[in-house]
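*Asks:* What follows is the file my_file-v2.txt, containing compact mmCIF, C-alpha atoms:
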# COMPACT_ATOMS: atom_id res chain seq x y z
CA MET A 395 97.71 -33.32 96.85
CA ASN A 396 94.74 -32.69 99.08
CA PHE A 397 92.54 -29.78 98.37
CA ASN A 398 92.82 -26.69 100.46
CA ALA A 399 92.12 -22.98 100.76
CA THR A 400 93.50 -22.48 97.26
CA LEU A 401 90.03 -23.20 96.01
CA ILE A 402 88.69 -20.13 97.78
CA GLY A 403 91.34 -18.03 96.07
CA GLN A 404 90.45 -19.62 92.77
CA MET A 405 86.78 -18.86 93.29
CA ILE A 406 87.55 -15.21 93.98
CA THR A 407 89.80 -14.97 90.91
CA PHE A 408 87.15 -16.67 88.84
CA GLY A 409 84.47 -14.28 90.06
CA LEU A 410 86.61 -11.28 89.18
CA LEU A 411 87.41 -12.70 85.76
CA VAL A 412 83.76 -13.33 85.00
CA ILE A 413 82.70 -9.86 86.10
CA PHE A 414 85.41 -8.23 84.02
CA THR A 415 84.56 -10.36 81.00
CA MET A 416 80.89 -9.59 81.40
CA LYS A 417 81.41 -5.87 81.70
CA PHE A 418 84.33 -5.04 79.45
CA VAL A 419 85.01 -7.91 77.07
CA TRP A 420 81.79 -9.52 75.96
CA PRO A 421 79.58 -6.52 75.14
CA PRO A 422 81.94 -4.59 72.81
CA ILE A 423 82.90 -7.68 70.83
CA MET A 424 79.32 -8.85 70.60
CA GLU A 425 78.16 -5.40 69.61
CA ALA A 426 80.75 -5.13 66.87
CA MET A 427 79.81 -8.56 65.61
CA GLN A 428 76.12 -7.84 65.58
CA GLU A 429 76.66 -4.52 63.89
CA ARG A 430 78.79 -6.16 61.24
CA GLN A 431 76.20 -8.85 60.81
CA LYS A 432 73.59 -6.20 60.27
CA ARG A 433 75.76 -4.34 57.82
CA ILE A 434 76.46 -7.49 55.88
CA ALA A 435 72.78 -8.33 55.81
CA ASP A 436 71.98 -4.80 54.64
CA GLY A 437 74.69 -4.99 52.04
CA LEU A 438 73.39 -8.28 50.74
CA ALA A 439 69.85 -6.96 50.67
CA SER A 440 70.86 -3.86 48.76
CA ALA A 441 72.92 -5.94 46.38
CA GLU A 442 69.86 -8.08 45.80
CA ARG A 443 67.78 -4.98 45.25
CA GLY A 444 70.38 -3.54 42.92
CA MET A 445 70.41 -6.72 40.93
CA ARG A 446 66.66 -6.72 40.65
CA GLU A 447 66.70 -3.09 39.60
CA GLN A 448 69.35 -3.82 37.04
CA GLU A 449 67.22 -6.62 35.70
CA ILE A 450 64.27 -4.29 35.40
CA ALA A 451 66.38 -1.60 33.78
CA LYS A 452 67.73 -4.16 31.35
CA THR A 453 64.30 -5.26 30.22
CA LYS A 454 63.22 -1.66 30.07
CA SER A 455 66.18 -0.63 27.98
CA ALA A 456 65.67 -3.60 25.70
CA GLN A 457 62.09 -2.59 25.25
CA LEU A 458 63.04 1.03 24.63
CA LEU A 459 65.60 -0.07 22.10
CA LYS A 460 63.04 -2.19 20.35
CA GLU A 461 60.58 0.64 20.26
CA ALA A 462 63.22 3.03 19.00
CA LYS A 463 64.20 0.64 16.25
CA GLN A 464 60.62 0.24 15.28
CA GLN A 465 60.12 3.96 15.26
CA ALA A 466 63.23 4.47 13.20
CA ALA A 467 62.05 1.87 10.73
CA GLU A 468 58.70 3.59 10.58
CA ILE A 469 60.32 6.94 10.02
CA VAL A 470 62.53 5.55 7.28
CA ALA A 471 59.56 3.92 5.64
CA GLN A 472 57.62 7.14 5.88
CA ALA A 473 60.49 9.07 4.44
CA HIS A 474 60.74 6.65 1.57
CA LYS A 475 57.07 6.97 0.96
CA ARG A 476 57.22 10.73 1.14
CA ALA A 477 60.15 10.83 -1.24
CA ASN A 478 58.31 8.64 -3.70
CA GLU A 479 55.33 10.86 -3.37
CA ILE A 480 57.40 13.95 -3.97
CA VAL A 481 59.04 12.38 -7.00
CA GLU A 482 55.68 11.31 -8.34
CA GLN A 483 54.24 14.71 -7.69
CA SER A 484 57.09 16.48 -9.40
CA LYS A 485 56.83 14.13 -12.32
CA LEU A 486 53.16 14.89 -12.51
CA GLU A 487 53.75 18.60 -12.19
CA ALA A 488 56.43 18.48 -14.81
CA ARG A 489 54.17 16.63 -17.11
CA THR A 490 51.30 19.05 -16.52
CA GLU A 491 53.62 22.00 -16.98
CA GLY A 492 54.95 20.48 -20.15
CA ASP A 493 51.46 19.89 -21.40
CA ARG A 494 50.47 23.38 -20.45
CA GLN A 495 53.47 24.83 -22.21
CA LEU A 496 52.82 22.64 -25.19
CA VAL A 497 49.24 23.82 -25.34
CA ALA A 498 50.37 27.45 -24.98
CA ALA A 499 52.94 27.00 -27.69
CA LYS A 500 50.39 25.37 -29.94
CA ALA A 501 47.96 28.19 -29.29
CA GLU A 502 50.64 30.73 -29.99
CA ILE A 503 51.59 28.91 -33.13
CA GLU A 504 47.99 28.84 -34.19
CA GLN A 505 47.65 32.48 -33.35
CA GLU A 506 50.78 33.22 -35.33
CA VAL A 507 49.42 31.16 -38.17
CA ASN A 508 46.11 32.95 -38.01
CA ARG A 509 47.81 36.28 -37.86
CA ALA A 510 50.02 35.37 -40.73
CA ARG A 511 47.02 34.13 -42.63
CA GLU A 512 45.14 37.40 -41.90
CA GLN A 513 48.13 39.37 -42.97
CA LEU A 514 48.54 37.25 -46.00
CA ARG A 515 44.90 37.56 -46.75
CA SER A 516 44.91 41.34 -46.42
CA GLN A 517 48.08 41.52 -48.43
CA VAL A 518 46.50 39.28 -51.05
CA VAL A 519 43.47 41.57 -51.04
CA SER A 520 45.51 44.68 -51.47
CA LEU A 521 47.59 42.84 -54.01
CA ALA A 522 44.47 41.74 -55.80
CA VAL A 523 43.08 45.28 -55.59
CA THR A 524 46.31 46.68 -56.81
CA GLY A 525 46.39 44.00 -59.47
CA ALA A 526 42.83 44.67 -60.43
CA SER A 527 43.32 48.39 -60.46
CA MET A 528 46.43 47.96 -62.46
CA ILE A 529 44.55 45.66 -64.84
CA ILE A 530 41.47 47.76 -65.13
CA GLN A 531 43.48 50.94 -65.15
CA ARG A 532 40.47 52.96 -64.68
CA GLU A 533 38.28 54.42 -62.11
CA ILE A 534 35.80 51.97 -60.71
CA ASP A 535 33.09 52.10 -58.20
CA GLU A 536 35.12 51.39 -55.12
CA ALA A 537 32.06 50.62 -53.03
CA ALA A 538 30.79 47.98 -55.46
CA ASN A 539 34.22 46.57 -55.78
CA ALA A 540 34.74 46.43 -52.03
CA ALA A 541 31.63 44.25 -51.73
CA LEU A 542 32.97 42.06 -54.47
CA LEU A 543 36.36 41.85 -52.85
CA ASP A 544 34.91 40.96 -49.46
CA ASP A 545 33.21 38.11 -51.14
CA LEU A 546 36.49 37.09 -52.62
CA VAL A 547 38.21 37.38 -49.27
CA ALA A 548 35.58 35.21 -47.63
CA GLN A 549 36.18 32.61 -50.25
CA LEU A 550 39.91 32.56 -49.62
CA MET B 1451 115.65 -34.87 83.34
CA SER B 1452 116.47 -36.36 86.66
CA GLU B 1453 119.26 -34.60 88.45
CA SER B 1454 122.15 -36.57 89.89
CA GLY B 1455 121.62 -37.44 93.51
CA HIS B 1456 117.84 -37.51 93.18
CA SER B 1457 116.03 -40.75 92.79
CA ALA B 1458 113.20 -41.03 90.28
CA THR B 1459 110.63 -41.09 93.07
CA GLU B 1460 111.99 -37.89 94.57
CA TYR B 1461 111.97 -36.27 91.15
CA ILE B 1462 108.35 -37.19 90.58
CA ILE B 1463 107.26 -36.12 94.05
CA HIS B 1464 109.09 -32.84 93.62
CA HIS B 1465 107.21 -32.23 90.41
CA LEU B 1466 103.89 -33.01 92.05
CA THR B 1467 104.34 -30.82 95.10
CA ASN B 1468 102.93 -27.32 95.19
CA LEU B 1469 104.54 -24.30 96.72
CA ARG B 1470 102.36 -24.19 99.83
CA PHE B 1471 101.82 -21.34 102.22
CA ASP B 1472 100.22 -22.27 105.52
CA LEU B 1473 97.84 -19.54 106.63
CA THR B 1474 97.63 -20.81 110.24
CA GLN B 1475 101.39 -20.66 110.72
CA MET B 1476 102.04 -17.90 108.18
CA ARG B 1477 104.98 -19.71 106.59
CA PHE B 1478 105.82 -21.80 103.55
CA LEU B 1479 105.65 -25.54 104.12
CA SER B 1480 108.50 -27.79 103.17
CA GLY B 1481 107.92 -30.79 100.96
CA SER B 1482 107.16 -33.52 103.43
CA GLU B 1483 104.97 -31.49 105.79
CA VAL B 1484 101.26 -32.12 105.66
CA GLY B 1485 99.17 -28.98 105.67
CA GLY B 1486 95.55 -28.68 106.74
CA PHE B 1487 92.82 -26.93 104.84
CA TRP B 1488 94.15 -23.44 105.41
CA VAL B 1489 97.02 -23.79 103.05
CA LEU B 1490 97.40 -21.78 99.89
CA ASN B 1491 99.05 -23.28 96.84
CA VAL B 1492 100.83 -20.09 95.89
CA ASP B 1493 102.04 -21.38 92.51
CA THR B 1494 98.56 -22.43 91.44
CA LEU B 1495 97.04 -19.14 92.53
CA LEU B 1496 99.76 -17.10 90.90
CA VAL B 1497 99.80 -18.97 87.61
CA SER B 1498 96.04 -19.05 87.26
CA ALA B 1499 95.79 -15.36 88.11
CA LEU B 1500 98.45 -14.54 85.53
CA LEU B 1501 96.67 -16.69 82.94
CA GLY B 1502 93.40 -14.97 83.78
CA ALA B 1503 95.10 -11.62 83.34
CA LEU B 1504 96.51 -12.80 80.01
CA PHE B 1505 93.03 -13.81 78.90
CA LEU B 1506 91.51 -10.49 79.91
CA TRP B 1507 94.37 -8.54 78.38
CA VAL B 1508 94.09 -10.25 75.00
CA PHE B 1509 90.33 -10.00 74.86
CA ARG B 1510 90.22 -6.48 76.25
CA ILE B 1511 92.54 -5.25 73.49
CA ALA B 1512 90.25 -6.78 70.92
CA ALA B 1513 87.14 -5.48 72.66
CA ARG B 1514 88.42 -1.93 72.95
CA SER B 1515 89.32 -1.65 69.29
CA ALA B 1516 86.37 -3.71 68.10
CA THR B 1517 84.87 -2.31 64.94
CA SER B 1518 82.19 -3.54 62.65
CA ASP B 1519 84.54 -2.92 59.74
CA THR B 1520 87.00 -5.52 58.60
CA PRO B 1521 88.41 -6.97 61.82
CA GLY B 1522 92.13 -7.31 62.42
CA HIS B 1523 93.79 -10.61 63.28
CA TRP B 1524 93.42 -10.09 66.99
CA GLN B 1525 89.81 -9.10 66.83
CA ASN B 1526 89.11 -11.89 64.41
CA PHE B 1527 90.53 -14.45 66.79
CA CYS B 1528 88.57 -13.10 69.74
CA GLU B 1529 85.40 -12.89 67.69
CA MET B 1530 85.86 -16.47 66.65
CA MET B 1531 86.09 -17.52 70.27
CA VAL B 1532 83.17 -15.36 71.28
CA GLU B 1533 81.04 -16.65 68.44
CA PHE B 1534 81.98 -20.24 69.18
CA VAL B 1535 81.02 -19.86 72.82
CA ASP B 1536 77.92 -17.91 71.96
CA SER B 1537 76.68 -20.60 69.60
CA GLN B 1538 77.30 -23.23 72.28
CA VAL B 1539 75.31 -21.18 74.76
CA LYS B 1540 72.51 -20.59 72.27
CA ASP B 1541 72.36 -24.29 71.53
CA SER B 1542 71.79 -25.43 75.06
CA PHE B 1543 70.58 -22.40 76.99
CA HIS B 1544 67.22 -21.00 76.03
CA GLY B 1545 66.59 -18.41 78.72
CA ARG B 1546 67.84 -14.88 78.68
CA ASN B 1547 70.75 -14.34 80.99
CA PRO B 1548 73.57 -11.91 80.23
CA VAL B 1549 75.95 -13.73 82.58
CA ILE B 1550 75.99 -17.19 81.04
CA ALA B 1551 77.81 -16.48 77.81
CA PRO B 1552 80.65 -14.37 79.27
CA LEU B 1553 80.91 -16.94 82.05
CA ALA B 1554 81.23 -19.74 79.54
CA LEU B 1555 83.84 -17.82 77.58
CA THR B 1556 85.84 -17.17 80.74
CA ILE B 1557 85.69 -20.83 81.73
CA PHE B 1558 86.65 -22.08 78.29
CA VAL B 1559 89.62 -19.80 77.77
CA TRP B 1560 90.80 -19.87 81.35
CA VAL B 1561 90.67 -23.65 81.65
CA PHE B 1562 92.29 -23.99 78.27
CA LEU B 1563 95.15 -21.77 79.40
CA TRP B 1564 95.51 -23.75 82.63
CA ASN B 1565 95.70 -26.93 80.61
CA PHE B 1566 98.03 -25.40 78.12
CA MET B 1567 100.65 -24.97 80.82
CA ASP B 1568 100.91 -28.74 80.70
CA LEU B 1569 102.55 -28.54 77.28
CA ILE B 1570 105.41 -26.42 78.53
CA PRO B 1571 108.44 -28.65 79.22
CA VAL B 1572 108.00 -30.01 82.73
CA ASP B 1573 111.38 -28.90 84.00
CA LEU B 1574 111.34 -25.34 82.68
CA PHE B 1575 109.46 -23.55 85.43
CA PRO B 1576 110.73 -25.65 88.37
CA GLU B 1577 114.31 -24.98 87.21
CA ILE B 1578 113.69 -21.25 86.85
CA ALA B 1579 112.03 -21.21 90.25
CA ALA B 1580 114.91 -23.16 91.76
CA ALA B 1581 117.33 -20.65 90.28
CA LEU B 1582 115.33 -17.89 91.95
CA GLY B 1583 115.37 -19.77 95.28
CA VAL B 1584 111.80 -21.05 95.19
CA PRO B 1585 111.81 -24.76 96.10
CA TYR B 1586 108.57 -25.86 94.42
CA MET B 1587 106.75 -24.70 91.33
CA ARG B 1588 103.81 -26.48 89.77
CA VAL B 1589 102.52 -24.54 86.84
CA VAL B 1590 99.49 -26.56 85.73
CA PRO B 1591 96.60 -25.24 87.83
CA SER B 1592 94.16 -27.85 86.54
CA ALA B 1593 96.44 -30.62 87.83
CA ASP B 1594 96.07 -29.16 91.31
CA LEU B 1595 92.82 -30.51 92.75
CA SER B 1596 91.93 -27.19 94.38
CA ALA B 1597 91.73 -25.23 91.17
CA PRO B 1598 89.19 -27.34 89.29
CA PHE B 1599 87.26 -27.73 92.53
CA GLY B 1600 87.23 -23.98 93.05
CA LEU B 1601 85.80 -23.57 89.58
CA ALA B 1602 83.28 -26.38 90.00
CA LEU B 1603 82.13 -25.01 93.35
CA SER B 1604 81.67 -21.56 91.79
CA VAL B 1605 79.50 -23.20 89.18
CA LEU B 1606 77.53 -24.97 91.92
CA VAL B 1607 77.02 -21.67 93.73
CA LEU B 1608 75.73 -20.15 90.49
CA ILE B 1609 73.45 -23.14 89.94
CA TYR B 1610 71.86 -22.57 93.34
CA TYR B 1611 71.79 -18.81 92.94
CA TYR B 1612 69.89 -19.03 89.68
CA SER B 1613 67.66 -21.86 90.88
CA PHE B 1614 66.46 -19.67 93.71
CA LYS B 1615 66.34 -16.55 91.60
CA VAL B 1616 64.33 -18.06 88.77
CA LYS B 1617 62.04 -20.45 90.62
CA GLY B 1618 61.87 -18.77 93.99
CA PHE B 1619 62.35 -20.58 97.28
CA LYS B 1620 59.00 -22.29 97.06
CA GLY B 1621 59.34 -23.40 93.48
CA PHE B 1622 62.83 -24.70 94.04
CA SER B 1623 61.79 -26.60 97.18
CA MET B 1624 58.89 -28.11 95.29
CA GLU B 1625 61.21 -29.19 92.56
CA VAL B 1626 63.67 -30.74 94.99
CA LEU B 1627 60.97 -32.56 96.94
CA THR B 1628 58.61 -33.72 94.21
CA LYS B 1629 60.78 -34.44 91.20
CA PRO B 1630 61.16 -36.94 89.70
CA PHE B 1631 58.89 -39.38 91.60
CA GLY B 1632 56.01 -37.22 92.77
CA LYS B 1633 55.19 -35.97 96.25
CA TRP B 1634 54.63 -39.37 97.88
CA LEU B 1635 58.29 -40.29 97.58
CA MET B 1636 59.56 -37.02 99.05
CA PRO B 1637 62.57 -38.34 101.04
CA PHE B 1638 63.67 -40.39 98.11
CA ASN B 1639 63.43 -37.39 95.80
CA LEU B 1640 65.46 -35.31 98.22
CA MET B 1641 68.15 -37.96 98.51
CA LEU B 1642 68.34 -38.31 94.77
CA ARG B 1643 68.64 -34.57 94.41
CA ILE B 1644 71.46 -34.40 96.95
CA VAL B 1645 73.38 -37.09 95.13
CA GLU B 1646 72.77 -35.35 91.84
CA ASP B 1647 73.95 -32.00 93.10
CA LEU B 1648 76.99 -33.55 94.74
CA ALA B 1649 77.84 -35.36 91.56
CA LYS B 1650 77.77 -32.19 89.49
CA PRO B 1651 80.78 -30.37 90.93
CA ILE B 1652 82.66 -33.55 91.72
CA SER B 1653 82.35 -34.92 88.21
CA LEU B 1654 83.17 -31.51 86.73
CA ALA B 1655 86.27 -31.07 88.84
CA LEU B 1656 87.54 -34.63 88.82
CA ARG B 1657 87.18 -35.04 85.08
CA LEU B 1658 89.39 -32.06 84.45
CA PHE B 1659 91.78 -32.83 87.26
CA GLY B 1660 92.13 -36.50 86.36
CA ASN B 1661 92.93 -35.86 82.73
CA LEU B 1662 95.45 -33.15 83.42
CA TYR B 1663 97.06 -34.85 86.39
CA ALA B 1664 97.58 -37.97 84.32
CA GLY B 1665 98.93 -35.89 81.46
CA GLU B 1666 101.35 -34.11 83.69
CA LEU B 1667 102.48 -37.35 85.28
CA ILE B 1668 103.19 -38.89 81.90
CA PHE B 1669 105.23 -35.87 80.86
CA VAL B 1670 107.20 -36.21 84.09
CA LEU B 1671 107.73 -39.91 83.42
CA ILE B 1672 108.85 -39.22 79.86
CA ALA B 1673 111.29 -36.69 81.26
CA LEU B 1674 112.81 -39.51 83.32
CA LEU B 1675 113.57 -41.59 80.25
CA PRO B 1676 116.86 -41.43 78.30
CA TRP B 1677 117.22 -38.24 76.25
CA TRP B 1678 116.67 -39.88 72.86
CA LEU B 1679 113.24 -41.04 73.94
CA HIS B 1680 112.10 -37.56 74.99
CA PHE B 1681 111.19 -36.48 71.52
CA THR B 1682 109.92 -39.80 70.20
CA LEU B 1683 107.53 -40.21 73.12
CA GLY B 1684 107.06 -36.62 74.22
CA TRP B 1685 106.05 -35.32 70.84
CA PRO B 1686 103.18 -37.79 70.17
CA TRP B 1687 101.97 -37.36 73.72
CA ALA B 1688 102.04 -33.59 73.38
CA VAL B 1689 100.04 -33.76 70.16
CA PHE B 1690 97.55 -36.10 71.76
CA HIS B 1691 97.48 -33.91 74.82
CA LEU B 1692 96.72 -30.85 72.73
CA LEU B 1693 93.49 -32.57 71.83
CA ILE B 1694 92.77 -33.48 75.44
CA ILE B 1695 93.34 -30.01 76.88
CA THR B 1696 91.03 -28.41 74.34
CA LEU B 1697 88.43 -31.10 74.80
CA GLN B 1698 88.53 -30.84 78.60
CA ALA B 1699 88.15 -27.07 78.50
CA PHE B 1700 85.27 -27.48 76.10
CA ILE B 1701 83.57 -30.15 78.22
CA PHE B 1702 83.89 -28.03 81.33
CA MET B 1703 82.28 -25.12 79.54
CA VAL B 1704 79.47 -27.11 77.96
CA LEU B 1705 78.58 -28.88 81.20
CA THR B 1706 78.52 -25.55 83.01
CA ILE B 1707 76.12 -24.17 80.43
CA ILE B 1708 73.93 -27.25 80.67
CA TYR B 1709 73.84 -27.20 84.47
CA LEU B 1710 72.96 -23.52 84.49
CA SER B 1711 70.31 -23.99 81.86
CA MET B 1712 68.82 -26.78 84.00
CA ALA B 1713 68.80 -24.37 86.92
CA HIS B 1714 66.73 -21.98 84.80
CA GLU B 1715 64.18 -24.44 83.56
CA ASP B 1716 61.36 -26.26 85.21
CA HIS B 1717 61.76 -29.87 84.36
Show me, as structure tokens, the structure contained in the file I just sent.

*Replies:*
Amino acid sequence: MNFNATLIGQMITFGLLVIFTMKFVWPPIMEAMQERQKRIADGLASAERGMREQEIAKTKSAQLLKEAKQQAAEIVAQAHKRANEIVEQSKLEARTEGDRQLVAAKAEIEQEVNRAREQLRSQVVSLAVTGASMIIQREIDEAANAALLDDLVAQL
Amino acid sequence: MSESGHSATEYIIHHLTNLRFDLTQMRFLSGSEVGGFWVLNVDTLLVSALLGALFLWVFRIAARSATSDTPGHWQNFCEMMVEFVDSQVKDSFHGRNPVIAPLALTIFVWVFLWNFMDLIPVDLFPEIAAALGVPYMRVVPSADLSAPFGLALSVLVLIYYYSFKVKGFKGFSMEVLTKPFGKWLMPFNLMLRIVEDLAKPISLALRLFGNLYAGELIFVLIALLPWWLHFTLGWPWAVFHLLIITLQAFIFMVLTIIYLSMAHEDH
């Protein structure tokens, strides 16, 4: 139970163990650990970044959606307006066309009436002339009569 | 378990005797012979070398296949140990020295393995050895005074090596002669320093040795009791001892780190 040369042997063994650990055990394990640490840190950082980007994208998309909705509403409103306009315009056009046609028809009718009246008048004249000639039954001064008849016609 | 024909004293002494090889006579010593300094405790050397090899083997496997991907069980265990030791070193050692951390790891694991041999049933290895014709076999290196002292002396050598390396001969001499009481109390400073530096390895070695020697002795004493007491006493003591062996390995490591960090710093 006294201490002896064993301690020298132990010191040598210890020295060898330490050298081996220092050269072949510690560095690879440490390296792997540090590399993993770095990777984890990178991963966390990129996750953070991703989250931030997602946040931004979310707000952006929300904004876009809002704008789109607004635009759509605008377009619909415009379309409504345009449709109303078109309806109004067609109504107006129809009315104008109707009026125009009415006027044309009236004019035609008037023309017809006038023509009929002219015809009637001339027929009345010839009838009157025929009547007169039949009544008089004799030769008359046609020139003097014509002036007389024109007078009569104007009075009709 | 005491064998028939052996008295309890003989049993205990047998368990506390190393397999000794006398280098001056080149022969194994028998139990009662007293050897001088040039005696090798073959069992201690062999067991501690095997435990050291076990340590290197386990950690080398992990180190060789170490990846930064998901670690396997083995690598995970080794990384845990490495990280534990590394954080201890970072806590108390502020210089940059690539030796300290691997050194601390070696000390921690190696001493733990030494101590762990104490938990193996006390009769197992002596009986196996006896069956193989080897008269003595003590398998707890830390309960053999030479082993902890060898380790403590190595630490002392490192303390002096780094003291000289970091501070230079002049700086170190100045420190020894003028700290802590100034240059007018030079002899007193020197004496104090000698005591301090003697106390370092002695306290390191004796703390470990004392704990483990006592532990071993108690296991031997429990083994002498009737069989039905073995478990009732042996089990609690083993559990308690599990705490002690870890703690002692840890203390040895931490004190080594602290001593070496003191060797690096001007204080």

*Asks:* Can you work out the spacing between atom CA of B:Leu1656 and atom CA of B:Trp1560 in Å, to one decimal?

*Replies:*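 Atom CA of B:Trp1560 lies 16.9 Å from atom CA of B:Leu1656.
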
*Asks:* In Å, with one decimal, what is the gap from atom CA of B:Ser1480 to atom CA of B:Thr1494?

*Replies:*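 Answer for the atom CA of B:Ser1480 to atom CA of B:Thr1494 separation: 16.3 Å.
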
*Asks:* Hey, can you check how far atom CA of A:Ala471 sits from atom CA of A:Ala456?

*Replies:*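 For atom CA of A:Ala471 relative to atom CA of A:Ala456, the distance reads 22.3 Å.
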
*Asks:* Extract, using all atoms listed in the file, all DNA, RNA and protein residues at most 9 Å from B:Phe1558, discarding same-chain residues fewer than 5 positions from it, and format them as an MDAnalysis selection string.

*Replies:* chainID B and resid 1535 1553 1563 1696 1698:1704

*Asks:* For B:Phe1505, which residue out of B:Val1559, B:Asn1468, B:Val1489, B:Phe1669 is the nearest one, using only C-alpha atoms?

*Replies:*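 Checking each candidate against B:Phe1505, we get B:Val1559 as the closest.
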
*Asks:* Distance cut-off 7 Å, counting only C-alpha atoms - which residues of chain A neighbour chain B? Return them as a PDB file with C-alpha atoms, keeping the file's coordinate frame.

*Replies:*
ATOM      1  CA  MET A 395      97.710 -33.320  96.850  1.00  0.00           C
ATOM      2  CA  ASN A 396      94.740 -32.690  99.080  1.00  0.00           C
ATOM      3  CA  PHE A 397      92.540 -29.780  98.370  1.00  0.00           C
ATOM      4  CA  ASN A 398      92.820 -26.690 100.460  1.00  0.00           C
ATOM      5  CA  ALA A 399      92.120 -22.980 100.760  1.00  0.00           C
ATOM      6  CA  THR A 400      93.500 -22.480  97.260  1.00  0.00           C
ATOM      7  CA  LEU A 401      90.030 -23.200  96.010  1.00  0.00           C
ATOM      8  CA  ILE A 402      88.690 -20.130  97.780  1.00  0.00           C
ATOM      9  CA  GLY A 403      91.340 -18.030  96.070  1.00  0.00           C
ATOM     10  CA  GLN A 404      90.450 -19.620  92.770  1.00  0.00           C
ATOM     11  CA  MET A 405      86.780 -18.860  93.290  1.00  0.00           C
ATOM     12  CA  THR A 407      89.800 -14.970  90.910  1.00  0.00           C
ATOM     13  CA  LEU A 411      87.410 -12.700  85.760  1.00  0.00           C
ATOM     14  CA  VAL A 412      83.760 -13.330  85.000  1.00  0.00           C
ATOM     15  CA  THR A 415      84.560 -10.360  81.000  1.00  0.00           C
ATOM     16  CA  MET A 416      80.890  -9.590  81.400  1.00  0.00           C
ATOM     17  CA  PHE A 418      84.330  -5.040  79.450  1.00  0.00           C
ATOM     18  CA  VAL A 419      85.010  -7.910  77.070  1.00  0.00           C
ATOM     19  CA  TRP A 420      81.790  -9.520  75.960  1.00  0.00           C
ATOM     20  CA  PRO A 422      81.940  -4.590  72.810  1.00  0.00           C
ATOM     21  CA  ILE A 423      82.900  -7.680  70.830  1.00  0.00           C
ATOM     22  CA  ALA A 426      80.750  -5.130  66.870  1.00  0.00           C
ATOM     23  CA  MET A 427      79.810  -8.560  65.610  1.00  0.00           C
ATOM     24  CA  GLU A 429      76.660  -4.520  63.890  1.00  0.00           C
ATOM     25  CA  ARG A 430      78.790  -6.160  61.240  1.00  0.00           C
TER      26      ARG A 430
END

*Asks:* I'd like the neighbourhood of B:Glu1577 as a VMD selection string, where a residue qualifies if any of its atoms comes within 12 Å (using all atoms listed in the file), though same-chain residues fewer than 3 positions away should be ignored.

*Replies:* chain B and resid 1451 to 1453 1464 to 1465 1571 to 1574 1580 to 1589

*Asks:* Grab all the atoms of stretch 1576-1584 of chain B that the file lists, wrap them in a box along x, y and z, add 4 Å per side, and give me centre plus edge lengths in Å (one decimal) as JSON.

*Replies:*
{"center_x": 114.0, "center_y": -21.8, "center_z": 91.1, "size_x": 14.6, "size_y": 15.8, "size_z": 16.4}

*Asks:* For a quick check of understanding, using only C-alpha atoms, which of B:Met1531, B:Ile1694, B:Ile1462, B:Ile1570 has the smallest distance to B:Phe1659?

*Replies:* B:Ile1694

*Asks:* Determine the nearest neighbour of B:Leu1469 from the options B:Val1497, B:Leu1697, B:Leu1705, B:Ile1668, counting all atoms listed in the file.

*Replies:*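 For B:Leu1469, the nearest of the given residues is B:Val1497.
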
*Asks:* Nearest to B:Ile1708 among B:Ala1664, B:Val1561, B:Leu1654, B:Met1567, with distances taken over all atoms listed in the file: which residue is it?

*Replies:*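 Smallest separation from B:Ile1708 among the options: B:Leu1654.
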
*Asks:* Need to verify the contact set: A:Ala548, 12 Å, all atoms listed in the file, exclusion of same-chain residues closer than 3 positions in sequence. Can you return it as a PyMOL selection string?

*Replies:* chain A and resi 512+515-516+519+541-545

*Asks:* Using all atoms listed in the file, which residue out of B:Ala1579, B:Tyr1663, B:Leu1674, B:Gly1545 lies closest to B:Tyr1461?

*Replies:*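 Result for the nearest residue to B:Tyr1461: B:Leu1674.
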
*Asks:* Rank nothing, just name the residue among A:Lys452, A:Asn508, A:Val547, A:Phe414 nearest to A:Ala522, using all atoms listed in the file.

*Replies:*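 Residue with the minimum atom-to-atom distance to A:Ala522: A:Val547.
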